[in-house]
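With PDB, C-alpha atoms inside, this is input29.pdb:
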```pdb
ATOM      1  CA  MET P   1       5.806  22.860 -17.163
ATOM      2  CA  ALA P   2       3.583  19.831 -16.721
ATOM      3  CA  LEU P   3       5.255  16.478 -15.944
ATOM      4  CA  ASP P   4       9.057  16.404 -16.089
ATOM      5  CA  HIS P   5       9.861  13.467 -18.392
ATOM      6  CA  SER P   6      13.600  13.947 -17.834
ATOM      7  CA  LEU P   7      13.227  12.262 -14.423
ATOM      8  CA  VAL P   8      12.331   8.887 -15.919
ATOM      9  CA  GLY P   9      15.055   6.297 -15.404
ATOM     10  CA  VAL P  10      17.307   8.562 -13.322
ATOM     11  CA  PRO P  11      17.793   7.265  -9.744
ATOM     12  CA  GLY P  12      17.406   9.868  -7.049
ATOM     13  CA  GLU P  13      19.957  10.419  -4.308
ATOM     14  CA  PRO P  14      19.796   7.727  -1.592
ATOM     15  CA  ALA P  15      17.901   8.941   1.462
ATOM     16  CA  ALA P  16      17.872   7.606   5.000
ATOM     17  CA  ARG P  17      14.775   5.985   6.482
ATOM     18  CA  SER P  18      14.508   4.627   9.998
ATOM     19  CA  TRP P  19      11.737   3.407  12.282
ATOM     20  CA  ASP P  20      11.294   1.988  15.757
ATOM     21  CA  GLY P  21       8.827  -0.176  17.614
ATOM     22  CA  THR P  22       6.460   2.710  18.280
ATOM     23  CA  ASP P  23       6.228   3.452  14.552
ATOM     24  CA  ALA P  24       5.311  -0.187  13.892
ATOM     25  CA  LEU P  25       2.666  -0.146  16.630
ATOM     26  CA  LEU P  26       1.114   3.104  15.405
ATOM     27  CA  TYR P  27       0.988   1.786  11.840
ATOM     28  CA  ALA P  28      -0.758  -1.404  12.988
ATOM     29  CA  LEU P  29      -3.424   0.620  14.815
ATOM     30  CA  GLY P  30      -3.782   2.855  11.750
ATOM     31  CA  VAL P  31      -4.733  -0.124   9.577
ATOM     32  CA  GLY P  32      -7.230  -1.486  12.080
ATOM     33  CA  ALA P  33      -5.250  -4.050  14.066
ATOM     34  CA  GLY P  34      -6.981  -4.795  17.360
ATOM     35  CA  ALA P  35      -9.943  -2.522  16.642
ATOM     36  CA  GLU P  36     -12.572  -5.249  16.746
ATOM     37  CA  ASP P  37     -10.930  -7.248  19.548
ATOM     38  CA  PRO P  38      -8.038  -5.612  21.446
ATOM     39  CA  GLN P  39      -6.887  -9.043  22.650
ATOM     40  CA  GLN P  40      -6.224 -10.165  19.080
ATOM     41  CA  GLU P  41      -3.143  -9.208  17.018
ATOM     42  CA  LEU P  42      -1.179  -8.350  20.176
ATOM     43  CA  ALA P  43       2.099  -9.200  18.423
ATOM     44  CA  PHE P  44       1.473  -6.166  16.192
ATOM     45  CA  THR P  45      -0.204  -3.797  18.669
ATOM     46  CA  THR P  46       1.905  -4.246  21.845
ATOM     47  CA  GLU P  47       5.565  -4.590  22.765
ATOM     48  CA  ASN P  48       5.288  -5.930  26.331
ATOM     49  CA  THR P  49       2.698  -8.708  26.312
ATOM     50  CA  GLU P  50       3.879 -11.745  28.263
ATOM     51  CA  GLY P  51       4.982 -14.537  25.949
ATOM     52  CA  VAL P  52       4.326 -12.470  22.790
ATOM     53  CA  ALA P  53       7.220 -10.967  20.832
ATOM     54  CA  GLN P  54       6.504  -7.797  18.889
ATOM     55  CA  ARG P  55       6.338  -8.242  15.111
ATOM     56  CA  VAL P  56       5.775  -5.955  12.131
ATOM     57  CA  LEU P  57       2.866  -6.138   9.676
ATOM     58  CA  PRO P  58       4.161  -7.003   6.177
ATOM     59  CA  THR P  59       2.510  -3.980   4.553
ATOM     60  CA  PHE P  60       4.682  -1.725   6.726
ATOM     61  CA  ALA P  61       7.256  -2.552   4.025
ATOM     62  CA  VAL P  62       5.697   0.177   1.885
ATOM     63  CA  LEU P  63       6.473   2.774   4.562
ATOM     64  CA  ALA P  64       9.969   1.355   5.107
ATOM     65  CA  ALA P  65      10.680   2.038   1.434
ATOM     66  CA  GLN P  66       9.552   5.672   1.655
ATOM     67  CA  ALA P  67      12.351   8.159   2.313
ATOM     68  CA  ARG P  68      11.623  10.841   4.910
ATOM     69  CA  GLY P  69      13.155  14.286   5.092
ATOM     70  CA  GLY P  70      15.582  15.895   2.674
ATOM     71  CA  PRO P  71      14.700  17.383  -0.708
ATOM     72  CA  ARG P  72      11.946  15.752  -2.727
ATOM     73  CA  ARG P  73      12.111  15.562  -6.491
ATOM     74  CA  ARG P  74       9.220  17.381  -8.113
ATOM     75  CA  LEU P  75       7.438  15.354 -10.791
ATOM     76  CA  GLY P  76       6.340  18.574 -12.438
ATOM     77  CA  ASP P  77       4.002  21.485 -11.988
ATOM     78  CA  PHE P  78       0.453  20.335 -11.234
ATOM     79  CA  ASP P  79      -2.251  20.596  -8.577
ATOM     80  CA  ARG P  80      -1.542  17.872  -5.988
ATOM     81  CA  ALA P  81      -5.261  17.735  -5.216
ATOM     82  CA  ARG P  82      -5.560  16.031  -8.628
ATOM     83  CA  LEU P  83      -3.182  13.198  -7.685
ATOM     84  CA  VAL P  84      -4.524   9.875  -6.417
ATOM     85  CA  HIS P  85      -2.763   6.637  -5.532
ATOM     86  CA  ALA P  86      -3.382   4.170  -8.377
ATOM     87  CA  GLU P  87      -1.436   0.989  -7.559
ATOM     88  CA  GLN P  88       0.999  -0.444  -5.040
ATOM     89  CA  ALA P  89       3.334  -3.433  -4.867
ATOM     90  CA  PHE P  90       6.112  -4.612  -2.589
ATOM     91  CA  ARG P  91       8.410  -7.558  -2.123
ATOM     92  CA  ILE P  92      10.041  -8.322   1.227
ATOM     93  CA  HIS P  93      13.504  -9.861   0.828
ATOM     94  CA  ARG P  94      13.927 -10.524   4.557
ATOM     95  CA  PRO P  95      11.532 -10.210   7.518
ATOM     96  CA  LEU P  96      11.085  -6.615   8.652
ATOM     97  CA  PRO P  97      12.783  -5.823  11.979
ATOM     98  CA  VAL P  98      10.899  -4.023  14.734
ATOM     99  CA  GLU P  99      13.567  -1.320  14.591
ATOM    100  CA  GLY P 100      15.440  -0.587  11.399
ATOM    101  CA  SER P 101      17.470   1.844   9.344
ATOM    102  CA  VAL P 102      17.817   1.730   5.556
ATOM    103  CA  GLN P 103      18.942   3.764   2.586
ATOM    104  CA  VAL P 104      16.149   4.264   0.044
ATOM    105  CA  THR P 105      16.851   4.845  -3.636
ATOM    106  CA  SER P 106      13.860   5.760  -5.806
ATOM    107  CA  THR P 107      13.540   5.872  -9.578
ATOM    108  CA  VAL P 108      10.632   7.067 -11.698
ATOM    109  CA  THR P 109      10.200   4.161 -14.122
ATOM    110  CA  ASP P 110       7.219   5.329 -16.191
ATOM    111  CA  MET P 111       5.205   8.420 -17.079
ATOM    112  CA  LEU P 112       2.328   7.018 -19.106
ATOM    113  CA  ASP P 113      -0.166   9.139 -21.031
ATOM    114  CA  LYS P 114      -3.664   7.854 -20.248
ATOM    115  CA  GLY P 115      -5.608  10.532 -22.099
ATOM    116  CA  ARG P 116      -7.557  12.093 -19.257
ATOM    117  CA  GLY P 117      -4.500  11.938 -17.034
ATOM    118  CA  ALA P 118      -1.045  10.439 -16.550
ATOM    119  CA  LEU P 119       0.118   7.368 -14.625
ATOM    120  CA  VAL P 120       3.498   7.872 -12.933
ATOM    121  CA  ARG P 121       5.231   4.760 -11.593
ATOM    122  CA  THR P 122       8.108   4.795  -9.137
ATOM    123  CA  GLU P 123      10.306   1.972  -7.854
ATOM    124  CA  SER P 124      12.020   2.265  -4.465
ATOM    125  CA  ILE P 125      14.655  -0.052  -3.035
ATOM    126  CA  ALA P 126      15.354  -0.002   0.704
ATOM    127  CA  ALA P 127      18.760  -1.491   1.536
ATOM    128  CA  ASP P 128      20.553  -2.041   4.833
ATOM    129  CA  GLY P 129      23.983  -0.711   5.754
ATOM    130  CA  ASP P 130      25.672  -3.524   3.843
ATOM    131  CA  GLY P 131      23.742  -2.674   0.685
ATOM    132  CA  ARG P 132      21.495  -5.744   0.896
ATOM    133  CA  PRO P 133      17.904  -5.068  -0.233
ATOM    134  CA  LEU P 134      15.297  -5.383   2.486
ATOM    135  CA  VAL P 135      12.258  -4.167   0.489
ATOM    136  CA  THR P 136      11.575  -3.435  -3.155
ATOM    137  CA  ALA P 137       8.405  -1.379  -3.545
ATOM    138  CA  SER P 138       6.692   0.097  -6.573
ATOM    139  CA  SER P 139       3.811   2.515  -6.701
ATOM    140  CA  GLY P 140       1.711   4.263  -9.292
ATOM    141  CA  ALA P 141       0.074   7.673  -9.020
ATOM    142  CA  PHE P 142      -2.647   8.859 -11.382
ATOM    143  CA  ILE P 143      -2.598  12.619 -11.980
ATOM    144  CA  MET P 144      -5.898  13.824 -13.408
ATOM    145  CA  GLY P 145      -5.686  16.343 -16.233
ATOM    146  CA  GLU P 146      -2.021  15.633 -17.075
ATOM    147  CA  GLY P 147      -2.568  13.510 -20.188
ATOM    148  CA  GLY P 148      -1.704  14.497 -23.737
ATOM    149  CA  SER P 149       2.056  14.858 -23.364
ATOM    150  CA  GLY P 150       3.145  11.364 -24.425
ATOM    151  CA  SER P 151       4.614   8.409 -22.556
ATOM    152  CA  VAL P 152       8.140   7.671 -21.370
ATOM    153  CA  SER P 153       9.304   4.363 -19.861
ATOM    154  CA  ALA P 154      12.669   3.223 -18.570
ATOM    155  CA  GLY P 155      11.981  -0.325 -17.345
ATOM    156  CA  ARG P 156      12.518  -1.746 -13.892
ATOM    157  CA  SER P 157      15.378  -3.307 -11.981
ATOM    158  CA  GLY P 158      13.768  -6.737 -11.983
ATOM    159  CA  ASP P 159      14.259  -7.115  -8.220
ATOM    160  CA  GLY P 160      10.636  -6.720  -7.258
ATOM    161  CA  PRO P 161       7.083  -7.285  -8.403
ATOM    162  CA  SER P 162       6.090  -5.697 -11.701
ATOM    163  CA  PRO P 163       2.783  -3.890 -11.214
ATOM    164  CA  GLY P 164      -0.008  -5.467 -13.198
ATOM    165  CA  ASP P 165       2.273  -7.778 -15.193
ATOM    166  CA  GLU P 166       0.979 -11.018 -13.697
ATOM    167  CA  PRO P 167      -2.004 -12.597 -15.460
ATOM    168  CA  TRP P 168      -5.207 -11.928 -13.557
ATOM    169  CA  THR P 169      -8.762 -13.084 -14.134
ATOM    170  CA  ARG P 170     -11.373 -13.191 -11.404
ATOM    171  CA  PRO P 171     -12.117 -16.886 -10.805
ATOM    172  CA  GLU P 172     -15.599 -18.036 -11.740
ATOM    173  CA  ARG P 173     -16.293 -19.465  -8.312
ATOM    174  CA  GLU P 174     -17.028 -18.242  -4.849
ATOM    175  CA  PRO P 175     -13.992 -16.967  -2.947
ATOM    176  CA  ASP P 176     -12.088 -19.541  -0.924
ATOM    177  CA  HIS P 177     -12.044 -17.026   1.937
ATOM    178  CA  ARG P 178     -13.901 -13.819   2.700
ATOM    179  CA  VAL P 179     -12.758 -11.443   5.448
ATOM    180  CA  VAL P 180     -14.855  -8.496   6.621
ATOM    181  CA  TYR P 181     -13.465  -5.454   8.455
ATOM    182  CA  ARG P 182     -15.113  -2.171   9.404
ATOM    183  CA  THR P 183     -13.041   0.994   9.211
ATOM    184  CA  ARG P 184     -13.483   3.699  11.828
ATOM    185  CA  PRO P 185     -15.025   7.111  11.033
ATOM    186  CA  ASP P 186     -11.709   8.648  12.167
ATOM    187  CA  GLN P 187      -9.536   6.042  10.411
ATOM    188  CA  ALA P 188      -7.831   8.553   8.116
ATOM    189  CA  LEU P 189      -6.975  10.826  11.044
ATOM    190  CA  LEU P 190      -5.319   7.887  12.787
ATOM    191  CA  TYR P 191      -3.521   6.536   9.719
ATOM    192  CA  ARG P 192      -2.069   9.940   8.787
ATOM    193  CA  LEU P 193       0.048   9.817  11.968
ATOM    194  CA  SER P 194       2.220   7.219  10.209
ATOM    195  CA  GLY P 195       3.492   9.978   7.929
ATOM    196  CA  ASP P 196       1.056  10.631   5.065
ATOM    197  CA  ARG P 197      -0.267  14.099   5.909
ATOM    198  CA  ASN P 198      -1.865  14.672   2.490
ATOM    199  CA  PRO P 199      -4.823  16.981   3.304
ATOM    200  CA  LEU P 200      -6.950  15.022   0.800
ATOM    201  CA  HIS P 201      -7.594  12.710   3.751
ATOM    202  CA  SER P 202      -8.356  15.329   6.392
ATOM    203  CA  ASP P 203      -9.207  18.765   4.911
ATOM    204  CA  PRO P 204     -12.751  19.029   3.478
ATOM    205  CA  ALA P 205     -11.855  22.038   1.289
ATOM    206  CA  PHE P 206      -8.814  20.296  -0.187
ATOM    207  CA  ALA P 207     -10.866  17.148  -0.846
ATOM    208  CA  LYS P 208     -13.455  19.190  -2.761
ATOM    209  CA  ARG P 209     -10.668  20.555  -5.008
ATOM    210  CA  GLY P 210      -9.897  16.940  -5.852
ATOM    211  CA  GLY P 211     -13.527  16.251  -6.757
ATOM    212  CA  PHE P 212     -14.557  14.485  -3.527
ATOM    213  CA  ASP P 213     -17.499  15.404  -1.305
ATOM    214  CA  ARG P 214     -15.410  14.840   1.813
ATOM    215  CA  PRO P 215     -11.969  13.528   2.800
ATOM    216  CA  ILE P 216     -11.289   9.977   1.639
ATOM    217  CA  LEU P 217      -9.324   7.169   3.246
ATOM    218  CA  HIS P 218      -5.685   6.726   2.244
ATOM    219  CA  GLY P 219      -5.310   4.036  -0.398
ATOM    220  CA  LEU P 220      -2.451   2.584   1.634
ATOM    221  CA  CYS P 221      -4.751   2.334   4.652
ATOM    222  CA  THR P 222      -7.180   0.198   2.640
ATOM    223  CA  TYR P 223      -4.116  -1.714   1.386
ATOM    224  CA  GLY P 224      -3.022  -2.306   4.996
ATOM    225  CA  PHE P 225      -6.451  -3.617   6.009
ATOM    226  CA  THR P 226      -6.282  -5.962   3.024
ATOM    227  CA  GLY P 227      -2.765  -7.078   3.942
ATOM    228  CA  ARG P 228      -3.954  -8.001   7.447
ATOM    229  CA  ALA P 229      -6.651 -10.211   5.938
ATOM    230  CA  LEU P 230      -4.071 -11.915   3.724
ATOM    231  CA  LEU P 231      -1.587 -12.372   6.576
ATOM    232  CA  HIS P 232      -4.024 -13.945   9.015
ATOM    233  CA  THR P 233      -5.874 -16.067   6.441
ATOM    234  CA  LEU P 234      -2.995 -17.304   4.279
ATOM    235  CA  CYS P 235       0.080 -17.163   6.518
ATOM    236  CA  ASP P 236      -1.281 -18.143   9.938
ATOM    237  CA  SER P 237      -0.389 -14.602  11.087
ATOM    238  CA  ASP P 238       3.348 -15.226  10.467
ATOM    239  CA  PRO P 239       4.961 -12.269   8.603
ATOM    240  CA  ALA P 240       7.923 -14.452   7.590
ATOM    241  CA  ARG P 241       5.565 -16.366   5.260
ATOM    242  CA  PHE P 242       4.328 -13.209   3.495
ATOM    243  CA  HIS P 243       6.558 -12.395   0.507
ATOM    244  CA  ALA P 244       4.898  -9.968  -1.934
ATOM    245  CA  MET P 245       1.648  -8.125  -2.696
ATOM    246  CA  TYR P 246       0.212  -6.097  -5.557
ATOM    247  CA  GLY P 247      -3.077  -4.244  -5.880
ATOM    248  CA  ARG P 248      -4.691  -1.622  -8.107
ATOM    249  CA  PHE P 249      -6.839   1.061  -6.469
ATOM    250  CA  THR P 250     -10.081   1.512  -8.402
ATOM    251  CA  ARG P 251     -12.410   3.573  -6.177
ATOM    252  CA  PRO P 252     -12.009   5.719  -3.083
ATOM    253  CA  VAL P 253     -12.996   4.435   0.343
ATOM    254  CA  LEU P 254     -14.638   6.684   2.919
ATOM    255  CA  PRO P 255     -13.678   6.420   6.593
ATOM    256  CA  GLY P 256     -16.298   4.272   8.275
ATOM    257  CA  ASP P 257     -16.867   2.036   5.230
ATOM    258  CA  VAL P 258     -16.993  -1.745   5.562
ATOM    259  CA  LEU P 259     -14.239  -3.585   3.673
ATOM    260  CA  VAL P 260     -14.726  -7.103   2.306
ATOM    261  CA  VAL P 261     -11.596  -8.958   1.166
ATOM    262  CA  ASN P 262     -12.259 -11.862  -1.213
ATOM    263  CA  LEU P 263      -9.443 -14.411  -1.671
ATOM    264  CA  TRP P 264      -8.979 -17.158  -4.248
ATOM    265  CA  ARG P 265      -6.083 -19.565  -3.752
ATOM    266  CA  ASP P 266      -4.291 -20.078  -7.053
ATOM    267  CA  GLY P 267      -1.734 -22.728  -6.047
ATOM    268  CA  GLU P 268       2.060 -22.537  -5.722
ATOM    269  CA  GLY P 269       1.860 -19.941  -2.960
ATOM    270  CA  ARG P 270      -0.114 -17.452  -5.035
ATOM    271  CA  THR P 271      -3.487 -16.011  -4.069
ATOM    272  CA  LEU P 272      -5.694 -13.619  -6.035
ATOM    273  CA  PHE P 273      -7.799 -11.080  -4.185
ATOM    274  CA  GLN P 274     -10.234  -8.198  -4.525
ATOM    275  CA  THR P 275     -11.296  -5.772  -1.829
ATOM    276  CA  GLU P 276     -14.824  -4.355  -1.911
ATOM    277  CA  THR P 277     -16.867  -1.996   0.201
ATOM    278  CA  GLY P 278     -19.949  -3.321   1.923
ATOM    279  CA  ASN P 279     -22.129  -2.371  -1.065
ATOM    280  CA  GLY P 280     -20.023  -4.491  -3.451
ATOM    281  CA  ALA P 281     -17.975  -1.719  -5.109
ATOM    282  CA  VAL P 282     -14.465  -3.003  -5.876
ATOM    283  CA  VAL P 283     -11.830  -0.693  -4.358
ATOM    284  CA  ILE P 284      -8.685  -2.848  -4.850
ATOM    285  CA  ASP P 285      -8.630  -4.907  -8.028
ATOM    286  CA  ARG P 286      -6.247  -7.375  -9.715
ATOM    287  CA  GLY P 287      -4.754  -8.227  -6.325
ATOM    288  CA  VAL P 288      -1.989 -10.824  -6.113
ATOM    289  CA  ALA P 289      -0.238 -12.078  -2.970
ATOM    290  CA  HIS P 290       2.759 -14.428  -2.794
ATOM    291  CA  HIS P 291       3.217 -16.423   0.408
ATOM    292  CA  SER P 292       4.341 -19.739   1.832
TER     293      SER P 292
END
```
Go ahead and render the structure in this file as structure tokens.
Amino acid sequence: MALDHSLVGVPGEPAARSWDGTDALLYALGVGAGAEDPQQELAFTTENTEGVAQRVLPTFAVLAAQARGGPRRRLGDFDRARLVHAEQAFRIHRPLPVEGSVQVTSTVTDMLDKGRGALVRTESIAADGDGRPLVTASSGAFIMGEGGSGSVSAGRSGDGPSPGDEPWTRPEREPDHRVVYRTRPDQALLYRLSGDRNPLHSDPAFAKRGGFDRPILHGLCTYGFTGRALLHTLCDSDPARFHAMYGRFTRPVLPGDVLVVNLWRDGEGRTLFQTETGNGAVVIDRGVAHHS
């Protein structure tokens, strides 16, 4: 068996997901908050600073919409070292609480034949105890070597951002803002403590099976660095003003790389962005953020 097309369009069983203030703090540190100046971003890195209430980074929404524990549905029979994160989107329906508990329902919406591999898209909805959505997230995984078996699509719920559907052209002008961050050499080891223990990001032998010289940084870690740049530049560091984000991962990032986030304001609370490494290689493309 390769990919299991029968999964497309069939919602999985709801699964519980909860987090507390420590989880939010650890995530913030994992995506670089406070690394360059520990006295900055204290609302996201501490819970007991005088006059500063703890808050949650918007990109933590992606983790809030990931079920933990219980049985996981297998997409098929393939080498997980050949799977890489391809795209990620989320929409926040209400500000994320410091402590929370949700039920997450996930549905595989697409298995797309891309020739040299397959793109598998999944939509996850995290709802509170009253059934009200808190986060709608969608992700895409590219599985190398799994092409050639056709495409199956089921469509989406319409509650969240549709990956890649918004028109996107890099503006022919200098960015309105440019934010530069440096990742740590041990960034992947720190980020993995938020739950993604994929050995692609820590085990040299496993990384080589995936075609990489050494472990790479989690795509969602790069995504979190980018989200911090968007939050502080566009929303005056207020998570309540950050509504949605989409990005397509185009190249791996190595721990220790410099990240450069280029932002172009597009009007009506929409900003386009690209994230590059210090040598100009684009690592997140076709980025769109919605904010107020």
Problem set entry | Test item: the PyMOL selection byres ((chain P and resi 289) around 10) resolved as a list in words |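 Applied to this file, the PyMOL selection byres ((chain P and resi 289) around 10) selects Ala89, Phe90, Arg91, Gly227, Leu230, Leu231, Leu234, Phe242, His243, Ala244, Met245, Tyr246, Gly247, Leu263, Arg265, Asp266, Gly269, Arg270, Thr271, Leu272, Phe273, Gly287, Val288, His290 and His291 of chain P.
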For this session: Enter the distance from atom CA of P:Pro95 to atom CA of P:Glu36, in Å, rounded to one decimal.
Result: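 Straight-line distance from atom CA of P:Pro95 to atom CA of P:Glu36 works out to 26.3 Å.
Candidate residues P:Thr46, P:Gln103, P:Gln40, P:Thr222 were compared for distance to P:Arg184, and the nearest is P:Thr222, using only C-alpha atoms.
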If we count only C-alpha atoms and set the cut-off at 10 Å, which residues sit around stretch 191-200 of chain P, ignoring sequence neighbours fewer than 4 positions away in its own chain? Please answer as a CSV table (one decimal) with C-alpha atoms, in the frame of the given file.
```csv
chain,number,residue,atom,x,y,z
P,23,ASP,CA,6.2,3.5,14.6
P,24,ALA,CA,5.3,-0.2,13.9
P,25,LEU,CA,2.7,-0.1,16.6
P,26,LEU,CA,1.1,3.1,15.4
P,27,TYR,CA,1.0,1.8,11.8
P,28,ALA,CA,-0.8,-1.4,13.0
P,29,LEU,CA,-3.4,0.6,14.8
P,30,GLY,CA,-3.8,2.9,11.8
P,31,VAL,CA,-4.7,-0.1,9.6
P,32,GLY,CA,-7.2,-1.5,12.1
P,60,PHE,CA,4.7,-1.7,6.7
P,63,LEU,CA,6.5,2.8,4.6
P,66,GLN,CA,9.6,5.7,1.7
P,68,ARG,CA,11.6,10.8,4.9
P,80,ARG,CA,-1.5,17.9,-6.0
P,81,ALA,CA,-5.3,17.7,-5.2
P,82,ARG,CA,-5.6,16.0,-8.6
P,83,LEU,CA,-3.2,13.2,-7.7
P,84,VAL,CA,-4.5,9.9,-6.4
P,186,ASP,CA,-11.7,8.6,12.2
P,187,GLN,CA,-9.5,6.0,10.4
P,204,PRO,CA,-12.8,19.0,3.5
P,205,ALA,CA,-11.9,22.0,1.3
P,206,PHE,CA,-8.8,20.3,-0.2
P,207,ALA,CA,-10.9,17.1,-0.8
P,208,LYS,CA,-13.5,19.2,-2.8
P,209,ARG,CA,-10.7,20.6,-5.0
P,210,GLY,CA,-9.9,16.9,-5.9
P,212,PHE,CA,-14.6,14.5,-3.5
P,214,ARG,CA,-15.4,14.8,1.8
P,215,PRO,CA,-12.0,13.5,2.8
P,216,ILE,CA,-11.3,10.0,1.6
P,217,LEU,CA,-9.3,7.2,3.2
P,218,HIS,CA,-5.7,6.7,2.2
P,220,LEU,CA,-2.5,2.6,1.6
P,221,CYS,CA,-4.8,2.3,4.7
```
Exercise. Using the chain letters and numbers from the file, which residues does the PyMOL selection byres ((chain P and resi 93) around 10) grab, as a PyMOL selection string?
Worked result: chain P and resi 90-92+94-96+127+132-136+159-160+240+243-244
Problem set entry | Surrounding residues of P:Ala67 excluding itself and chain neighbours under 2 positions, 6 Å, all atoms listed in the file, as a list of chain:residue names |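 Listing them by chain and then by number gives P:Ala15, P:Arg17, P:Val104.
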Please dump the current selection as a CSV table (one decimal), in the frame of the given file; keep C-alpha atoms.
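File out35.csv, as written:
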```
chain,number,residue,atom,x,y,z
P,15,ALA,CA,17.9,8.9,1.5
P,17,ARG,CA,14.8,6.0,6.5
P,104,VAL,CA,16.1,4.3,0.0
```
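Distances to P:Ala64 were evaluated for P:Pro171, P:Glu87, P:Ser18, P:Ala43 using all atoms listed in the file, and the minimum falls at P:Ser18.
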Exercise. So what does the PyMOL selection byres ((chain P and resi 279) around 12) actually pick up in this one, as a VMD selection string?
Worked result: chain P and resid 253 257 to 260 275 to 278 280 to 283
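When atom CA of P:Ile143 is paired with atom CA of P:Leu57, their separation reads 29.2 Å.
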For this session: Using all atoms listed in the file, find the one residue out of P:His85, P:His232, P:Arg116, P:Arg241 that sits nearest to P:Val179.
Result: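 Counting all atoms listed in the file, the residue closest to P:Val179 is P:His232.
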Exercise. Nearest to P:Glu166 among P:Arg74, P:Asp113, P:Arg286, P:Arg178, with distances taken over all atoms listed in the file: which residue is it?
Worked result: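 Between P:Arg74, P:Asp113, P:Arg286, P:Arg178, the residue approaching P:Glu166 most closely is P:Arg286.
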Calculate, to one decimal in Å, the centre and edge lengths of the box along x, y and z of the file that holds all listed atoms of stretch 207-214 of chain P with 4 Å of margin on each side, and present them as AutoDock Vina command-line options.
```
--center_x -13.7 --center_y 17.5 --center_z -2.5 --size_x 15.6 --size_y 14.1 --size_z 16.6
```
